[in-house]
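The next block is final-v4.cif, given as mmCIF, C-alpha atoms.
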```
data_upload
#
loop_
_atom_site.label_atom_id
_atom_site.label_comp_id
_atom_site.auth_asym_id
_atom_site.auth_seq_id
_atom_site.Cartn_x
_atom_site.Cartn_y
_atom_site.Cartn_z
CA MET Y 70 119.62 89.41 114.55
CA ASP Y 71 118.24 85.90 115.15
CA HIS Y 72 114.53 85.18 114.81
CA ALA Y 73 112.33 82.70 116.64
CA VAL Y 74 110.69 79.99 114.53
CA ILE Y 75 107.35 80.68 116.22
CA SER Y 76 107.80 84.43 116.28
CA PRO Y 77 105.68 87.32 117.62
CA SER Y 78 105.83 89.07 114.23
CA ALA Y 79 104.01 86.13 112.61
CA ALA Y 80 101.67 85.48 115.54
CA ASP Y 81 98.48 86.39 113.68
CA ARG Y 82 99.33 83.66 111.14
CA TRP Y 83 100.41 80.79 113.37
CA ILE Y 84 97.68 81.37 115.96
CA HIS Y 85 95.08 80.89 113.20
CA CYS Y 86 97.11 78.51 111.02
CA PRO Y 87 99.57 76.55 113.20
CA GLY Y 88 100.49 74.21 110.32
CA SER Y 89 102.06 77.13 108.42
CA VAL Y 90 105.09 77.11 110.74
CA ALA Y 91 106.26 73.68 109.55
CA LEU Y 92 105.61 74.66 105.92
CA THR Y 93 107.70 77.84 106.08
CA LYS Y 94 110.42 77.31 108.70
CA ASP Y 95 113.03 75.99 106.25
CA LEU Y 96 112.30 78.48 103.47
CA GLU Y 97 114.79 81.25 102.78
CA ASP Y 98 113.75 84.72 103.89
CA LYS Y 99 114.61 86.71 100.78
CA GLY Y 100 113.93 90.04 102.46
CA SER Y 101 113.27 93.24 100.55
CA THR Y 102 114.41 96.83 100.22
CA TYR Y 103 111.42 97.88 102.33
CA ALA Y 104 112.44 95.49 105.12
CA ALA Y 105 116.03 96.74 104.97
CA GLU Y 106 114.82 100.36 105.17
CA GLY Y 107 112.74 99.43 108.21
CA THR Y 108 115.73 97.82 109.90
CA LEU Y 109 117.82 100.94 109.31
CA ALA Y 110 115.08 103.23 110.64
CA HIS Y 111 114.78 101.00 113.73
CA SER Y 112 118.52 101.34 114.34
CA ILE Y 113 118.22 105.13 114.19
CA CYS Y 114 115.31 105.02 116.65
CA GLU Y 115 117.33 102.84 119.00
CA LEU Y 116 120.33 105.20 118.89
CA LYS Y 117 118.19 108.28 119.57
CA LEU Y 118 116.44 106.63 122.52
CA ARG Y 119 119.70 105.41 124.02
CA LYS Y 120 121.11 108.92 123.67
CA TYR Y 121 118.10 110.57 125.33
CA PHE Y 122 117.74 108.12 128.21
CA GLY Y 123 121.48 107.48 128.62
CA ILE Y 124 121.24 103.71 128.23
CA ALA Y 125 124.07 101.58 126.83
CA LYS Y 126 123.49 98.47 124.72
CA THR Y 127 124.39 96.42 127.79
CA GLY Y 128 121.39 97.96 129.55
CA GLU Y 129 123.35 99.95 132.11
CA LYS Y 130 122.97 103.71 132.60
CA LYS Y 131 125.73 105.33 130.60
CA PRO Y 132 125.30 108.82 129.12
CA MET Y 133 126.30 109.18 125.47
CA GLY Y 134 128.28 112.29 124.60
CA PRO Y 135 127.52 114.39 121.51
CA LYS Y 136 130.70 113.25 119.74
CA LYS Y 137 129.91 109.56 120.22
CA TYR Y 138 126.28 110.13 119.19
CA LYS Y 139 127.27 111.98 116.01
CA SER Y 140 129.77 109.27 115.13
CA GLU Y 141 127.19 106.50 115.55
CA LEU Y 142 124.53 108.45 113.64
CA ASP Y 143 126.94 109.19 110.79
CA LYS Y 144 127.61 105.45 110.45
CA LEU Y 145 123.89 104.81 110.02
CA LYS Y 146 123.52 107.71 107.60
CA ALA Y 147 126.28 106.21 105.46
CA ASP Y 148 123.93 103.34 104.61
CA PRO Y 149 122.86 103.60 100.92
CA LEU Y 150 119.23 103.23 102.00
CA TYR Y 151 119.35 106.25 104.29
CA GLN Y 152 117.10 109.17 103.34
CA SER Y 153 117.01 112.46 105.22
CA GLU Y 154 113.27 111.99 105.79
CA MET Y 155 114.14 109.11 108.15
CA ASP Y 156 115.35 111.70 110.65
CA GLY Y 157 111.92 113.29 110.87
CA TYR Y 158 109.97 110.04 110.99
CA THR Y 159 112.17 108.52 113.68
CA ASP Y 160 111.87 111.77 115.67
CA VAL Y 161 108.07 111.31 115.71
CA TYR Y 162 108.52 107.94 117.42
CA VAL Y 163 111.20 109.11 119.85
CA ASP Y 164 109.33 112.33 120.72
CA HIS Y 165 106.17 110.34 121.49
CA ILE Y 166 108.06 108.17 123.99
CA LYS Y 167 109.82 111.20 125.48
CA ASP Y 168 106.48 112.98 125.96
CA GLN Y 169 105.03 109.89 127.64
CA SER Y 170 108.05 109.59 129.93
CA ASN Y 171 107.92 113.27 130.87
CA SER Y 172 104.21 113.02 131.73
CA PHE Y 173 104.92 110.69 134.66
CA SER Y 174 105.25 112.02 138.21
CA SER Y 175 108.64 110.32 138.48
CA ALA Y 176 111.21 108.80 136.14
CA PRO Y 177 110.12 105.46 134.65
CA ALA Y 178 112.24 102.37 134.16
CA VAL Y 179 113.33 102.32 130.49
CA PHE Y 180 114.44 99.39 128.33
CA VAL Y 181 115.41 99.79 124.65
CA GLU Y 182 115.49 96.92 122.11
CA GLN Y 183 114.88 94.47 124.92
CA ARG Y 184 114.83 90.75 124.17
CA VAL Y 185 111.94 89.05 125.98
CA ASP Y 186 111.50 85.36 126.72
CA LEU Y 187 108.16 83.75 125.75
CA SER Y 188 109.08 80.09 126.30
CA GLU Y 189 106.56 79.82 129.15
CA TYR Y 190 103.83 79.93 126.48
CA ILE Y 191 105.68 79.34 123.17
CA PRO Y 192 108.26 76.55 122.80
CA SER Y 193 111.67 78.27 122.33
CA GLY Y 194 109.76 81.51 121.85
CA PHE Y 195 111.28 84.97 122.18
CA GLY Y 196 111.04 88.43 120.67
CA SER Y 197 112.61 91.88 120.79
CA SER Y 198 110.56 94.83 122.00
CA ASP Y 199 111.50 98.24 120.55
CA CYS Y 200 110.96 100.12 123.83
CA ILE Y 201 109.50 99.37 127.25
CA LEU Y 202 108.60 101.84 130.02
CA ILE Y 203 107.44 100.83 133.49
CA HIS Y 204 105.90 103.32 135.89
CA GLY Y 205 103.98 102.35 138.98
CA SER Y 206 101.74 99.40 138.13
CA ASP Y 207 101.65 100.25 134.42
CA LEU Y 208 103.73 98.66 131.66
CA TYR Y 209 104.14 100.55 128.37
CA VAL Y 210 105.29 98.70 125.24
CA TYR Y 211 106.10 100.52 121.98
CA ASP Y 212 106.50 99.20 118.46
CA PHE Y 213 107.88 101.34 115.64
CA LYS Y 214 106.57 100.62 112.12
CA TYR Y 215 108.39 102.33 109.27
CA GLY Y 216 106.30 100.77 106.50
CA LYS Y 217 103.49 102.64 104.82
CA GLY Y 218 101.93 99.89 102.69
CA VAL Y 219 99.61 98.53 105.37
CA ARG Y 220 98.21 100.46 108.33
CA VAL Y 221 98.83 98.49 111.54
CA GLU Y 222 96.40 98.75 114.45
CA ALA Y 223 97.27 98.19 118.11
CA GLU Y 224 93.84 96.89 119.11
CA ASP Y 225 93.73 93.06 119.25
CA ASN Y 226 97.23 92.94 117.73
CA PRO Y 227 98.79 89.57 118.70
CA GLN Y 228 102.35 90.73 118.01
CA MET Y 229 101.98 93.65 120.42
CA ARG Y 230 100.30 91.43 123.00
CA LEU Y 231 103.19 88.97 122.87
CA TYR Y 232 105.74 91.76 123.36
CA ALA Y 233 103.69 92.95 126.35
CA LEU Y 234 103.42 89.39 127.65
CA GLY Y 235 107.18 88.88 127.36
CA ALA Y 236 107.88 92.17 129.14
CA TYR Y 237 105.45 91.30 131.93
CA LEU Y 238 107.01 87.86 132.42
CA MET Y 239 110.48 89.41 132.52
CA TYR Y 240 109.74 92.11 135.09
CA ARG Y 241 106.90 90.65 137.19
CA GLU Y 242 109.29 89.80 140.03
CA PHE Y 243 110.45 93.42 140.31
CA TRP Y 244 107.23 95.37 139.66
CA LYS Y 245 103.61 94.66 140.50
CA ILE Y 246 102.26 95.26 137.00
CA GLU Y 247 98.48 95.41 136.68
CA GLN Y 248 97.91 97.04 133.29
CA VAL Y 249 99.68 97.08 129.92
CA HIS Y 250 99.63 99.90 127.35
CA MET Y 251 100.57 98.78 123.83
CA THR Y 252 101.39 101.55 121.33
CA ILE Y 253 102.17 101.39 117.63
CA VAL Y 254 103.87 104.42 116.06
CA GLN Y 255 103.67 104.38 112.25
CA PRO Y 256 104.73 107.93 111.31
CA ARG Y 257 104.65 107.63 107.52
CA LEU Y 258 100.90 106.99 107.78
CA GLN Y 259 100.38 109.50 110.62
CA ASN Y 260 99.27 106.51 112.70
CA ILE Y 261 99.79 106.45 116.46
CA CYS Y 262 97.36 104.05 118.14
CA GLN Y 263 97.16 102.38 121.52
CA SER Y 264 95.48 99.43 123.17
CA VAL Y 265 95.17 99.06 126.94
CA LEU Y 266 94.62 95.70 128.63
CA PRO Y 267 94.52 94.44 132.23
CA VAL Y 268 97.28 91.91 132.89
CA SER Y 269 94.68 89.33 133.90
CA GLN Y 270 93.07 89.53 130.46
CA LEU Y 271 96.46 89.34 128.73
CA LEU Y 272 97.37 86.19 130.65
CA GLU Y 273 93.97 84.61 129.93
CA TRP Y 274 94.48 85.23 126.19
CA ALA Y 275 97.98 83.75 126.36
CA GLU Y 276 96.74 80.64 128.15
CA LYS Y 277 93.66 79.97 126.03
CA GLU Y 278 94.82 81.06 122.56
CA VAL Y 279 98.60 81.37 122.39
CA LYS Y 280 99.73 78.28 124.27
CA PRO Y 281 97.50 75.73 122.41
CA ALA Y 282 98.29 77.22 118.97
CA ALA Y 283 102.03 77.40 119.72
CA LYS Y 284 102.08 73.76 120.82
CA LYS Y 285 100.34 72.69 117.60
CA ALA Y 286 102.84 74.73 115.58
CA ALA Y 287 105.81 73.26 117.44
CA ASP Y 288 104.45 69.71 117.06
CA GLY Y 289 103.93 70.15 113.32
CA VAL Y 290 100.18 69.58 113.49
CA GLN Y 291 98.74 69.83 109.98
CA GLU Y 292 96.02 72.33 110.78
CA TYR Y 293 95.55 75.10 108.23
CA ALA Y 294 93.23 78.07 107.82
CA CYS Y 295 92.96 80.85 105.26
CA GLY Y 296 92.45 84.52 106.16
CA ASP Y 297 94.04 87.97 106.25
CA TRP Y 298 97.07 86.43 107.96
CA CYS Y 299 98.03 84.76 104.64
CA ARG Y 300 99.21 88.14 103.30
CA PHE Y 301 102.88 87.70 104.30
CA CYS Y 302 103.03 83.89 104.31
CA LYS Y 303 105.94 82.50 102.29
CA VAL Y 304 103.84 79.68 100.80
CA LYS Y 305 100.64 81.59 100.04
CA ALA Y 306 101.10 81.01 96.30
CA THR Y 307 101.29 77.21 96.62
CA CYS Y 308 99.30 76.50 99.80
CA ARG Y 309 96.46 74.11 98.90
CA THR Y 310 94.17 75.37 101.69
CA HIS Y 311 94.65 78.95 100.52
CA ALA Y 312 93.99 78.05 96.89
CA ASP Y 313 90.92 75.91 97.68
CA THR Y 314 89.43 78.55 99.97
CA VAL Y 315 89.72 81.51 97.60
CA VAL Y 316 88.53 79.53 94.56
CA ASP Y 317 85.61 77.89 96.40
CA GLY Y 318 84.58 81.31 97.71
CA VAL Y 319 83.73 82.40 94.18
CA SER Y 320 82.65 79.10 92.63
CA ASP Y 321 79.93 78.55 95.22
CA PHE Y 322 78.39 81.98 94.57
CA ASP Y 323 74.76 81.41 93.59
CA LEU Y 324 73.53 83.74 90.87
CA MET Y 325 69.91 84.19 91.90
CA GLN Y 326 66.91 85.50 89.94
CA PRO Y 327 66.22 88.08 88.62
CA PRO Y 328 69.05 87.90 86.05
CA LEU Y 329 70.64 91.17 87.19
CA LEU Y 330 72.55 91.19 90.49
CA SER Y 331 71.23 93.38 93.27
CA LEU Y 332 73.67 95.72 95.05
CA THR Y 333 73.60 93.34 98.01
CA GLU Y 334 74.62 90.44 95.78
CA LEU Y 335 77.26 92.56 94.06
CA GLY Y 336 78.78 93.51 97.40
CA LEU Y 337 78.89 89.86 98.42
CA LEU Y 338 80.53 88.85 95.14
CA LEU Y 339 83.18 91.60 95.45
CA THR Y 340 83.97 90.37 98.95
CA LYS Y 341 84.41 86.84 97.65
CA CYS Y 342 86.46 87.92 94.61
CA GLN Y 343 89.09 90.00 96.43
CA PRO Y 344 90.95 87.06 98.07
CA LEU Y 345 90.96 85.31 94.68
CA LEU Y 346 92.48 88.37 92.98
CA ASP Y 347 95.15 88.62 95.68
CA TYR Y 348 95.89 84.91 95.33
CA ALA Y 349 96.08 85.08 91.53
CA LYS Y 350 98.71 87.83 91.77
CA ALA Y 351 100.78 85.87 94.30
CA ALA Y 352 100.49 82.66 92.24
CA GLU Y 353 101.54 84.44 89.03
CA GLU Y 354 104.59 86.01 90.71
CA TYR Y 355 105.62 82.63 92.14
CA ALA Y 356 105.13 80.83 88.81
CA LEU Y 357 107.23 83.48 87.03
CA SER Y 358 110.06 83.10 89.55
CA GLN Y 359 110.01 79.31 89.06
CA ALA Y 360 110.00 79.62 85.27
CA LEU Y 361 112.92 82.04 85.41
CA SER Y 362 114.85 79.48 87.47
CA GLY Y 363 114.33 76.90 84.71
CA GLU Y 364 111.21 75.07 85.90
CA LYS Y 365 108.47 74.15 83.41
CA ILE Y 366 104.97 75.44 84.27
CA GLU Y 367 102.41 73.22 82.57
CA GLY Y 368 100.42 75.17 79.98
CA TRP Y 369 102.60 78.30 80.26
CA LYS Y 370 105.83 79.56 78.72
CA LEU Y 371 108.26 82.44 79.11
CA VAL Y 372 108.30 85.05 76.36
CA GLU Y 373 110.24 88.27 75.93
CA GLY Y 374 108.27 91.31 77.04
CA ARG Y 375 107.81 94.48 75.01
CA SER Y 376 111.19 95.92 74.03
CA ARG Y 377 112.03 99.61 74.23
CA ARG Y 378 114.54 101.75 72.40
CA VAL Y 379 117.43 103.37 74.31
CA TRP Y 380 120.56 105.36 73.38
CA ASP Y 381 123.83 103.44 73.32
CA ASP Y 382 125.56 106.73 74.21
CA GLN Y 383 123.24 109.65 74.91
CA GLU Y 384 125.99 112.27 74.90
CA LYS Y 385 127.22 111.27 71.43
CA ALA Y 386 123.66 110.94 70.11
CA PHE Y 387 122.81 114.48 71.27
CA ALA Y 388 126.02 115.80 69.66
CA ASP Y 389 124.95 114.22 66.35
CA LEU Y 390 121.46 115.71 66.70
CA LYS Y 391 122.93 119.20 67.17
CA THR Y 392 125.17 118.66 64.15
CA ALA Y 393 122.01 117.72 62.22
CA GLY Y 394 120.59 121.15 63.11
CA LEU Y 395 118.33 120.36 66.11
CA PRO Y 396 118.41 123.28 68.63
CA GLU Y 397 119.69 122.35 72.11
CA GLU Y 398 116.44 123.53 73.75
CA MET Y 399 114.71 120.70 71.88
CA LEU Y 400 116.88 118.13 73.69
CA TRP Y 401 116.07 119.01 77.31
CA HIS Y 402 113.05 120.01 79.34
CA ARG Y 403 112.92 121.27 82.93
CA GLU Y 404 110.44 119.94 85.49
CA PRO Y 405 110.03 120.78 89.18
CA TYR Y 406 110.50 118.04 91.75
CA THR Y 407 107.29 116.90 93.44
CA LEU Y 408 106.43 117.92 96.99
CA ALA Y 409 107.19 114.40 98.23
CA GLN Y 410 110.57 114.30 96.45
CA ILE Y 411 111.65 117.62 97.97
CA GLU Y 412 110.52 116.54 101.44
CA LYS Y 413 112.49 113.32 101.05
CA GLN Y 414 115.65 115.28 100.16
CA MET Y 415 115.28 117.86 102.96
CA GLY Y 416 113.85 115.68 105.69
CA LYS Y 417 110.38 116.00 107.20
CA LYS Y 418 111.29 118.43 109.99
CA ASP Y 419 113.29 120.91 107.86
CA PHE Y 420 110.68 120.73 105.11
CA GLU Y 421 107.87 121.53 107.55
CA GLU Y 422 109.76 124.50 109.01
CA ALA Y 423 110.61 125.92 105.59
CA VAL Y 424 107.40 125.51 103.59
CA GLY Y 425 104.86 123.75 105.79
CA ASN Y 426 102.57 126.78 105.54
CA HIS Y 427 102.40 126.33 101.76
CA VAL Y 428 101.23 122.71 101.90
CA ILE Y 429 97.54 121.89 101.63
CA ARG Y 430 96.10 118.38 101.70
CA GLN Y 431 93.70 117.79 98.84
CA GLN Y 432 90.84 115.38 99.33
CA GLY Y 433 91.67 111.89 98.06
CA LYS Y 434 89.81 110.21 95.24
CA PRO Y 435 86.99 107.98 96.56
CA ALA Y 436 87.84 104.27 96.54
CA LEU Y 437 85.67 101.23 97.25
CA VAL Y 438 87.13 99.05 100.03
CA SER Y 439 85.93 96.41 102.46
CA GLU Y 440 83.87 97.67 105.38
CA ASN Y 441 86.59 96.22 107.64
CA ASP Y 442 89.01 98.92 106.44
CA SER Y 443 89.99 101.23 109.31
CA ARG Y 444 89.55 104.49 107.36
CA PRO Y 445 86.40 106.58 108.01
CA GLU Y 446 83.59 106.20 105.51
CA TYR Y 447 83.39 108.75 102.68
CA VAL Y 448 80.11 110.68 102.76
CA VAL Y 449 78.59 111.29 99.34
CA LYS Y 450 76.57 114.52 99.13
CA ASN Y 451 73.86 115.00 96.56
CA ALA Y 452 73.02 118.29 94.84
CA GLU Y 453 70.08 118.97 97.16
CA GLU Y 454 72.32 118.79 100.25
CA ASP Y 455 74.88 121.13 98.60
CA PHE Y 456 72.17 123.73 97.98
CA LYS Y 457 71.01 123.45 101.61
CA GLU Y 458 74.53 124.36 102.80
CA ILE Y 459 74.54 127.42 100.51
CA GLU Y 460 71.19 128.56 101.86
#
```
For this file, produce the structure as structure tokens.
Amino acid sequence: MDHAVISPSAADRWIHCPGSVALTKDLEDKGSTYAAEGTLAHSICELKLRKYFGIAKTGEKKPMGPKKYKSELDKLKADPLYQSEMDGYTDVYVDHIKDQSNSFSSAPAVFVEQRVDLSEYIPSGFGSSDCILIHGSDLYVYDFKYGKGVRVEAEDNPQMRLYALGAYLMYREFWKIEQVHMTIVQPRLQNICQSVLPVSQLLEWAEKEVKPAAKKAADGVQEYACGDWCRFCKVKATCRTHADTVVDGVSDFDLMQPPLLSLTELGLLLTKCQPLLDYAKAAEEYALSQALSGEKIEGWKLVEGRSRRVWDDQEKAFADLKTAGLPEEMLWHREPYTLAQIEKQMGKKDFEEAVGNHVIRQQGKPALVSENDSRPEYVVKNAEEDFKEIE
């Protein structure tokens, strides 16, 4: 699958930091196992939607028989990265779209893995929308997220807005679209969220924010800015603006009197320190990769990490231990698989049907995070409040 240089998936970055496009466009995309898993899960979603709605890859209506569907699904399941839990998680996404479609008074227009053209606002810009429904004057755009490392919100999400913009531009001659519904389905985090926007507001955003930033990015304007969008940037470890911003954020912190920090000051310092900690980790990983490729990092050197002892041949070693008089029960121990491991082997749906009634969700350990985190705030109860509840 080809990718646009100024892509919707990186929109949050290049809208805020247009210079990053020139810095990263020629760098190799090394990918990851997580990305490959996501691609596989997307392919399963696409197959299931095409089967349900009877849509061929060419876009024409063409029902898929059970034999063809099983054959295609088996090919995807043969991928080494396939896990049975993918079936359940992709079903969550597909079922959500099916429920939405069935709620309409008439059948909607359906488009699966639809490439959309954004060149009207982004030079050579395009993207691929996971699923699009059109009913009446409403446009529905869906994005499936298989990852569970970062919760993704639909509200003010530039990637989702660009998919909606591309879909609107593509179908505006055939439907009078007045409102767009943008939905993110992230089943591994139980996250299904939606943002609704009038088309007029979407077009205003595209004209005032997208078009100017995209032009700067295409022209190679050296305009940089540091923020949350640096998280997935390929040059975050060596970007001078990023480094200067996170270091200056801590160095300019004024330790005021009295000598002990107040909680207000502590909160401010933690906020300033977090980007520096994130940067330090990225810089260390990058420096290690360079050193391993033979580059010299001034003031640093490669050393061998802590070694560990292993058997050269476990079977022969155990045989010698038994000969030495060690009972076999001293060589092995039995442990149950964890709940998550069993669910992964069975698949989410089968697991839920079999033992869902035995699963309880224990309260998570409190953690201190930025107030911008989307999770609800943890309420700390004191002893007096606990006694009131008992009374």
Fill in: Test item: the PyMOL selection byres ((chain Y and resi 290-299) around 8) resolved as an NGL selection string
:Y and (81-82 or 85-89 or 285-289 or 300-302 or 305 or 310-311 or 314)
Item to complete: Any chance you could resolve the PyMOL selection byres ((chain Y and resi 114) around 9) against this file and give the residues as a list in words?
Response: Leu109, Ala110, His111, Ser112, Ile113, Glu115, Leu116, Lys117, Leu118, Arg119, Asp156, Thr159, Asp160, Tyr162, Val163, Asp199 and Phe213 of chain Y
Worksheet item: To one decimal place, how far is atom CA of Y:Ser76 from atom CA of Y:Tyr355 in Å?
Response: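 Atom-to-atom, atom CA of Y:Ser76 to atom CA of Y:Tyr355, that is 24.3 Å.
Comparing the minimum interatomic distances between Y:Gln432 and each of Y:Ala312, Y:Leu92, Y:Tyr447, Y:Asp207, counting all atoms listed in the file, we find that Y:Tyr447 sits nearest.
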Discussion item. Evaluate the PyMOL selection byres ((chain Y and resi 192) around 10) against this structure - the residues, as JSON, numbers by chain, please.
Written reply: {"Y": [73, 74, 75, 187, 188, 189, 190, 191, 193, 194, 195, 280, 283, 284, 286, 287, 288]}
Discussion item. Taking 5 positions as the minimum chain separation for residues in the same chain, which residues sit within 10 Å of stretch 270-279 of chain Y when counting all atoms listed in the file? Answer as a PyMOL selection string.
Written reply: chain Y and resi 80+83-85+189-191+227+230-231+233-234+237-238+248-249+265+284
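Distance-wise, atom CA of Y:Leu202 and atom CA of Y:Ala105 end up 26.6 Å apart.
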Discussion item. Nearest residue to Y:Ser439 out of Y:Leu337, Y:Val254, Y:Val316, Y:Leu346, using only C-alpha atoms?
Written reply: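 Result for the nearest residue to Y:Ser439: Y:Leu337.
A straight line drawn from atom CA of Y:Tyr209 to atom CA of Y:His250 is 4.7 Å long.
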Listed atoms of stretch 390-404 of chain Y boxed axis-aligned with 6 Å per side, centre + edges as lines of an AutoDock Vina configuration file:
```
center_x = 117.8
center_y = 119.6
center_z = 73.9
size_x = 26.7
size_y = 19.8
size_z = 35.3
```
Item to complete: Tell me which protein, DNA and RNA residues are within 9 Å of Y:Gly318, counting only C-alpha atoms, leaving out same-chain ones fewer than 3 positions away, and put them as a list in words.
Response: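 The residues that qualify are Asp313, Thr314, Val315, Asp321, Phe322, Leu338, Lys341, Cys342, Pro344 and Leu345 of chain Y.
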Y:Gly336 surroundings by all atoms listed in the file, 12 Å radius, close-in-sequence under 3 positions cut, as a short mmCIF file (atom, residue, chain, number, x, y, z; two decimals) with C-alpha atoms, in the coordinates of the input:
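The new file around.cif reads:
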```
data_model
loop_
_atom_site.label_atom_id
_atom_site.label_comp_id
_atom_site.auth_asym_id
_atom_site.auth_seq_id
_atom_site.Cartn_x
_atom_site.Cartn_y
_atom_site.Cartn_z
CA PHE Y 322 78.39 81.98 94.57
CA LEU Y 330 72.55 91.19 90.49
CA SER Y 331 71.23 93.38 93.27
CA LEU Y 332 73.67 95.72 95.05
CA THR Y 333 73.60 93.34 98.01
CA LEU Y 339 83.18 91.60 95.45
CA THR Y 340 83.97 90.37 98.95
CA LYS Y 341 84.41 86.84 97.65
CA CYS Y 342 86.46 87.92 94.61
CA GLN Y 343 89.09 90.00 96.43
CA LEU Y 437 85.67 101.23 97.25
CA VAL Y 438 87.13 99.05 100.03
CA SER Y 439 85.93 96.41 102.46
CA GLU Y 440 83.87 97.67 105.38
#
```
Worksheet item: With only C-alpha atoms as the atoms that count, which of Y:Val304, Y:Pro435, Y:Tyr121, Y:Tyr240 lies nearest to Y:Val448?
Response: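 Residue with the minimum atom-to-atom distance to Y:Val448: Y:Pro435.
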Worksheet entry | All residues 9 Å or closer to Y:Arg184, only C-alpha atoms, same chain fewer than 6 positions away omitted, as a count of residues only | 7
Worksheet entry | Top pick for closest residue to Y:Pro267, considering Y:Leu208, Y:Val428, Y:Met229, Y:Val221 and counting only C-alpha atoms |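 Counting only C-alpha atoms, the residue closest to Y:Pro267 is Y:Leu208.
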Worksheet item: Pick the closest to Y:Met155 from Y:Asp419, Y:Asp98, Y:Asp442, Y:Asp225: which is it, counting only C-alpha atoms?
Response: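 Of the candidates, the smallest distance to Y:Met155 is held by Y:Asp419.
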Worksheet item: Looking at Y:Tyr215, Y:Phe122, Y:Tyr151, Y:Tyr138, which one is nearest to Y:Pro177, with distances taken over all atoms listed in the file?
Response: Y:Phe122
Item to complete: Skip stretch 384-389 of chain Y itself and residues of its chain fewer than 5 positions away, then list as a PyMOL selection string all residues within 12 Å of it, counting all atoms listed in the file.
Response: chain Y and resi 379+394-401
Could you complete stretch 423-435 of chain Y so that it carries N, CA and C atoms, and give it back as an mmCIF file, keeping the file's coordinate frame?
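Resulting contents of selection.cif:
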```cif
data_model
loop_
_atom_site.group_PDB
_atom_site.id
_atom_site.type_symbol
_atom_site.label_atom_id
_atom_site.label_comp_id
_atom_site.auth_asym_id
_atom_site.auth_seq_id
_atom_site.Cartn_x
_atom_site.Cartn_y
_atom_site.Cartn_z
ATOM 1 N N ALA Y 423 110.364 125.014 106.713
ATOM 2 C CA ALA Y 423 110.610 125.920 105.590
ATOM 3 C C ALA Y 423 109.346 126.255 104.804
ATOM 4 N N VAL Y 424 108.550 125.256 104.482
ATOM 5 C CA VAL Y 424 107.400 125.510 103.590
ATOM 6 C C VAL Y 424 106.113 124.827 104.043
ATOM 7 N N GLY Y 425 106.068 124.414 105.299
ATOM 8 C CA GLY Y 425 104.860 123.750 105.790
ATOM 9 C C GLY Y 425 103.601 124.578 105.606
ATOM 10 N N ASN Y 426 103.735 125.906 105.684
ATOM 11 C CA ASN Y 426 102.570 126.780 105.540
ATOM 12 C C ASN Y 426 102.056 126.839 104.102
ATOM 13 N N HIS Y 427 102.826 126.324 103.162
ATOM 14 C CA HIS Y 427 102.400 126.330 101.760
ATOM 15 C C HIS Y 427 101.759 125.008 101.339
ATOM 16 N N VAL Y 428 101.733 124.043 102.250
ATOM 17 C CA VAL Y 428 101.230 122.710 101.900
ATOM 18 C C VAL Y 428 99.769 122.573 102.295
ATOM 19 N N ILE Y 429 98.941 122.195 101.346
ATOM 20 C CA ILE Y 429 97.540 121.890 101.630
ATOM 21 C C ILE Y 429 97.301 120.431 101.257
ATOM 22 N N ARG Y 430 96.407 119.786 101.955
ATOM 23 C CA ARG Y 430 96.100 118.380 101.700
ATOM 24 C C ARG Y 430 94.790 118.291 100.919
ATOM 25 N N GLN Y 431 94.889 117.928 99.653
ATOM 26 C CA GLN Y 431 93.700 117.790 98.840
ATOM 27 C C GLN Y 431 92.951 116.509 99.184
ATOM 28 N N GLN Y 432 91.652 116.543 99.015
ATOM 29 C CA GLN Y 432 90.840 115.380 99.330
ATOM 30 C C GLN Y 432 91.158 114.244 98.359
ATOM 31 N N GLY Y 433 91.332 113.040 98.898
ATOM 32 C CA GLY Y 433 91.670 111.890 98.060
ATOM 33 C C GLY Y 433 90.491 111.431 97.212
ATOM 34 N N LYS Y 434 90.824 110.744 96.139
ATOM 35 C CA LYS Y 434 89.810 110.210 95.240
ATOM 36 C C LYS Y 434 89.067 109.071 95.937
ATOM 37 N N PRO Y 435 87.745 109.057 95.900
ATOM 38 C CA PRO Y 435 86.990 107.980 96.560
ATOM 39 C C PRO Y 435 87.384 106.609 96.027
#
```
